[in-house]
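Remarks on the structure that follows.
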Amino acid sequence: MIDHLSRAVISDPEQNSAIEQKESDNILPDSKITPLRFRKRTLHETKIRTNSTLTENVLSHKLQFDGRIISRNGRNACRELIGFFFTHDQSLTIYEYRQFGKNRTIVLPFIKKQIYSHQCGRRKGKQYQLGDFYVGATLTFLSSDHLSLPESIKESTLLKLRITNIDQIAMDSLKTTSVEQKDDIISQETNDRLVFKAIQDLLKEKLHKRGVRILTGLGKYFQQLDKEGNGLLDKADFKQALKVFHLEVSEKDFESAWLIMNDNGNGKVDYGEFKRNIIGEMNEYRKSFVRKAFMKLDFNKTGSVPIINIRKCYCAKKHSQVISGHSTEEEIKSWFLETLKVACSKSDEVSYGEFEDYYEGLSIGIVDDEDFVNILRTPWGI
């Protein structure tokens with residue numbers, strides 16, 4: 001069986017040595033980054049000698065992808081995942097890269113190999129197909145079905161994974177041999193995206209100059225409203241939040257968006273999902289550098305970073321205002337810390353969600369990806 005075979009590959013010392021040579025930048029979904037097929041990985045390698053022709057066939061017809069967990073919890077958001085979708089039986093499996101010490105990285109099972117279905121949205125109840133896998137796609141699983149998941153993940157009913165990269169060569173090859181049924185859901189999903197895009201375009205001008213202030217403030221405001229701590233708020237809460245931050249949209253647009261997001265009909269929506277749909281979010285290439293910067297600061301992997309550590313690590317020497325002589329390094333550093341503190345629910349530390357909100361707001365006013373990446377690279381040395 002594939003699952004047993006994959007475990008054997010992981011536990012084989014010779015195979016492990018190849019897996020451990022993982023590149024440090026392995027989750028960058030961009031054409032400028034080394035494609036998945038060139039990376040030295042041996043999970044589900046088709047060259048493994050087996051006694052079954054069927055096993056080799058199943059292994060060869062697969063799509064490899066990278067992923068991340070959609071979460072405001074720093075430890076979970078920064079987990080590095082690699083998955084495989086097998087077109088032979090429409091099953092999938094996901095592993096997690098785990099670092100042990102400075103130089104040892106191994107791969108551990110995360111989602112067991114099985115046939116899975118969408119757990120929310122227009123496709124709820126439908127099995128995953130090849131067309132569901134693309135950069136930016138979201139995979140959903142019931143946390144209760146995976147008892148080995150960390151407790152912090154199982155606190156949420158749904159585990160949501162975002163695909164950050166795929167093996168495009170394999171995808172193109174598999175598409176020529178794969179036959180998938182067409183359905184009306186595709187046009188419905190297209191209409192959903194148009195509803196959200198219309199709202200995002202409407203708010204873009206308001207967010208362009210005040211993106212950081214609004215996004216960090218909105219994140220903090222949602223946390224304060226979330227008395228139960230489950231990340232869910234009702235319609236009245238969201239309407240009030242948009243009003244407080246002067247982001248009002250028409251009743252018609254709001255109701256259209258709410259109808260899409262509240263697909264389970266319980267009257268509550270995850271506020272992270274609400275922000276992503278109503279305001280939008282930076283692309284996966286940018287997000288990968290935000291996570292990289294946070295991981296460098298959060299060396300103890302607690303999911304939050306003391307403000308004092310951020311002060312020590314932030315370098316303003318190459319900031320344009322410092323180079324031009326208009327500001328000193330200390331002034332730039334103090335301005336950054338004060339802005340960041342506004343977003344924080346605790347005065348002495350920054351969570352991953354708050355750190356991401358800051359850069360999400362900053363990203364809105366920056367068109368070029370490399371300009372944004374340099375803003376992260378320069379002060380954090382990544």
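As shown in the structure tokens, the chain order sets the letters A, B, ...; within each chain, residues go from 1, and ligands are also counted from 1 in the order they appear.
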
So which bits of range 106-310 of chain A end up helix (DSSP H, G or I) when you DSSP the backbone, as an MDAnalysis selection string? chainID A and resid 130:132 143:145 151:154 168:177 185:225 235:244 251:261 271:278 284:297 307:310

Excluding Ser256 in chain A and any residue of its chain fewer than 2 positions from it, enumerate the residues within 12 Å of it, using only C-alpha atoms, and give them as a list in words.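 Once the adjacent positions are removed, what remains is Asn191, Asp192, Arg193, Leu194, Val195, Phe196, Ala198, Ile199, Val249, Ser250, Glu251, Lys252, Asp253, Phe254, Trp258, Leu259, Ile260, Met261, Asn262, Asp263, Asn277 and Ile278 of chain A.
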
Set the distance at 8 Å and use only C-alpha atoms: which residues neighbour Ser143 in chain A once local chain neighbours fewer than 4 positions away are removed? I'd like the list as a compact mmCIF listing (two decimals) with N, CA and C atoms, in the first residue's frame.
```txt
# COMPACT_ATOMS: atom_id res chain seq x y z
N LEU A 147 -6.77 12.34 14.66
CA LEU A 147 -6.50 12.38 16.09
C LEU A 147 -5.06 12.74 16.42
N LEU A 149 -3.29 15.08 15.10
CA LEU A 149 -2.99 16.51 14.91
C LEU A 149 -2.71 17.17 16.26
N ILE A 153 -4.47 22.71 16.78
CA ILE A 153 -5.18 22.63 15.49
C ILE A 153 -6.57 22.04 15.69
N LYS A 154 -6.67 21.05 16.57
CA LYS A 154 -7.95 20.39 16.81
C LYS A 154 -8.96 21.26 17.55
N SER A 156 -10.06 23.91 16.43
CA SER A 156 -10.97 24.37 15.38
C SER A 156 -11.64 23.17 14.72
N THR A 157 -12.90 23.31 14.37
CA THR A 157 -13.62 22.22 13.72
C THR A 157 -13.00 21.86 12.39
N LEU A 158 -12.60 22.90 11.64
CA LEU A 158 -12.02 22.68 10.32
C LEU A 158 -10.53 22.99 10.30
N LEU A 159 -9.79 22.14 9.62
CA LEU A 159 -8.38 22.40 9.33
C LEU A 159 -8.35 22.91 7.89
```

When you count only C-alpha atoms, which of these residues is closest to Ser304 in chain A: A:Tyr352, A:Phe86, A:Tyr134, A:Phe245?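 Result for the nearest residue to Ser304 in chain A: A:Tyr352.
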
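Taking CA of Leu218 in chain A as the reference point, CA of Asp357 in chain A is found at 8.8 Å.
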
Of the candidates A:Arg122, A:Leu174, A:Glu330, A:Phe238, which one gets nearest to Ser187 in chain A if we count only C-alpha atoms?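 Going through A:Arg122, A:Leu174, A:Glu330, A:Phe238 one by one, the smallest distance to Ser187 in chain A is for A:Arg122.
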